[in-house]
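**Student:** Let me give you the structure first, and then I'll get to my questions.
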Amino acid sequence: MLLGQAYLVVANWSSLGGSAHRTSLGMLDWGHPSGLTPPLIAAVATARQLAGWTALDAGRHDDAQRHFVAGERAALAADNAPLVALIRYAQAKQLQHLKHNRDALATLQLTHAQLGSHSTPAAKALLWGAEAASLAALGDHQTAVKTLGEASDQFERIDKEREPDGMGFYDRGELFAQYGRVYRDMARRDRKHASEAVRWGRDAIAAFGAANVRSTVLNEVGLCSALFLADEPEQALAVGTRVLEQTQSMTSRRVIDRVVNLRRDLVRHRELPEVAEFERTVTAWAVVAA
């Protein structure tokens, strides 16, 4: 009962702010068996993590950071190492979105080192995949590819029955998405990697399936970039046009930011009238969506 109340209290944290935070702290003073304290605190941590993801998706980065920090502290207080790892992974994803890749890499590497005996194949694959993305963004492509290989090795060892509940979201699509991200960064430095970026983007989309709308759209944005990098502007425009249609009804600031970033990868093809028109459409759409 108390655990359910914990989730209800924090369900609207993204908009309620400080009053909800005080209420959550007050829950720990409610009468309950002492053995229930760790799972109650863990429930608060999990809810703060979810609130942080919601704020991040909406582009409210100060709120997201506040929720993630509070969630991390609660998870540490509950002595729940897997939950600490998941919250730090979320923090790293926010840092990556804001292009603070050195900070993201440090966060992920520290988490990996501290997990110790609590580390599972899924946790290792998750963290190493994210590390690879930051390494590639920082230009260390050789280490990024090696780290992706380590993530893949761990992924093949995953036994869903032995993984923490919070790892249920991590699947092959998430792993392939990191491959796509790494190879897109590599292709921006050397076009010979562009075909691999396209392949991994398509594989990620296929692995997610139609039910996972947000992840599918994000990876279609990545595929559009990869196709521009691979000098396939007609295919890129077909994917990009579909993405713009899909995102008209979406309010995700994170998706909007990724769509706007398409402009950096179409530069080589800007002389084509269709590409120039697409760029103008993206720019106009970004202004309206802001």
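Starting from 1 in every chain, residues are counted up; chains themselves are A, B, ... following the order of the structure tokens, and ligands are numbered from 1 as listed.
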Using only C-alpha atoms, determine which residues lie at most 8 Å from Pro121 in chain A, disregarding the query and same-chain residues fewer than 3 positions distant; provide the list as an MDAnalysis selection string.

**Tutor:** chainID A and resid 124:125 154:155 157:158

**Student:** Next, the residues of the selection above should be written as a PDB file, in the first residue's frame with N, CA and C atoms.

**Tutor:**
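The resulting file, part-v1.pdb, is reproduced below:
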```
ATOM      1  N   LYS A 124      26.027  -3.954 -17.793  1.00  0.00           N
ATOM      2  CA  LYS A 124      27.306  -3.721 -18.474  1.00  0.00           C
ATOM      3  C   LYS A 124      27.074  -3.288 -19.917  1.00  0.00           C
ATOM      4  N   ALA A 125      26.176  -3.974 -20.614  1.00  0.00           N
ATOM      5  CA  ALA A 125      25.903  -3.628 -22.012  1.00  0.00           C
ATOM      6  C   ALA A 125      25.329  -2.225 -22.120  1.00  0.00           C
ATOM      7  N   GLN A 154      28.312  -8.640 -23.831  1.00  0.00           N
ATOM      8  CA  GLN A 154      27.488  -8.730 -22.625  1.00  0.00           C
ATOM      9  C   GLN A 154      26.010  -8.912 -22.972  1.00  0.00           C
ATOM     10  N   PHE A 155      25.578  -8.257 -24.041  1.00  0.00           N
ATOM     11  CA  PHE A 155      24.168  -8.381 -24.427  1.00  0.00           C
ATOM     12  C   PHE A 155      23.810  -9.835 -24.696  1.00  0.00           C
ATOM     13  N   ARG A 157      24.829 -12.344 -23.300  1.00  0.00           N
ATOM     14  CA  ARG A 157      24.830 -13.121 -22.054  1.00  0.00           C
ATOM     15  C   ARG A 157      23.620 -12.812 -21.170  1.00  0.00           C
ATOM     16  N   ILE A 158      22.763 -11.919 -21.623  1.00  0.00           N
ATOM     17  CA  ILE A 158      21.633 -11.496 -20.791  1.00  0.00           C
ATOM     18  C   ILE A 158      20.647 -12.640 -20.569  1.00  0.00           C
TER      19      ILE A 158
END
```

**Student:** Please identify which residues in range 115-206 of chain A DSSP calls alpha helix (DSSP H) from the backbone, and express them as a ChimeraX atom specification.

**Tutor:** /A:115,121-137,141-155,172-189,194-206

**Student:** Smallest atom-to-atom distance to Gln96 in chain A: which of A:Ala137, A:Ala122, A:Ala226, A:Ala207, using only C-alpha atoms?

**Tutor:**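 For Gln96 in chain A, the nearest of the candidates is A:Ala137.
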
**Student:** As JSON, numbers by chain, please: the residues near Trp128 in chain A (cut-off 8 Å, only C-alpha atoms, same-chain neighbours under 5 positions excluded).

**Tutor:** {"A": [108, 147, 148, 150, 151]}

**Student:** May I have the selected residues written with N, CA and C atoms, as an mmCIF file, in the first residue's frame?

**Tutor:**
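Everything below was put into result.cif:
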```
data_model
loop_
_atom_site.group_PDB
_atom_site.id
_atom_site.type_symbol
_atom_site.label_atom_id
_atom_site.label_comp_id
_atom_site.auth_asym_id
_atom_site.auth_seq_id
_atom_site.Cartn_x
_atom_site.Cartn_y
_atom_site.Cartn_z
ATOM 1 N N LEU A 108 29.418 7.629 -16.498
ATOM 2 C CA LEU A 108 29.215 6.227 -16.872
ATOM 3 C C LEU A 108 30.358 5.348 -16.377
ATOM 4 N N THR A 147 34.528 -0.620 -27.366
ATOM 5 C CA THR A 147 33.548 -0.612 -26.278
ATOM 6 C C THR A 147 32.200 -1.143 -26.750
ATOM 7 N N LEU A 148 31.830 -0.830 -27.990
ATOM 8 C CA LEU A 148 30.607 -1.401 -28.552
ATOM 9 C C LEU A 148 30.692 -2.923 -28.599
ATOM 10 N N GLU A 150 32.346 -4.834 -26.583
ATOM 11 C CA GLU A 150 32.164 -5.327 -25.218
ATOM 12 C C GLU A 150 30.684 -5.296 -24.823
ATOM 13 N N ALA A 151 29.988 -4.243 -25.248
ATOM 14 C CA ALA A 151 28.557 -4.159 -24.972
ATOM 15 C C ALA A 151 27.802 -5.302 -25.650
#
```
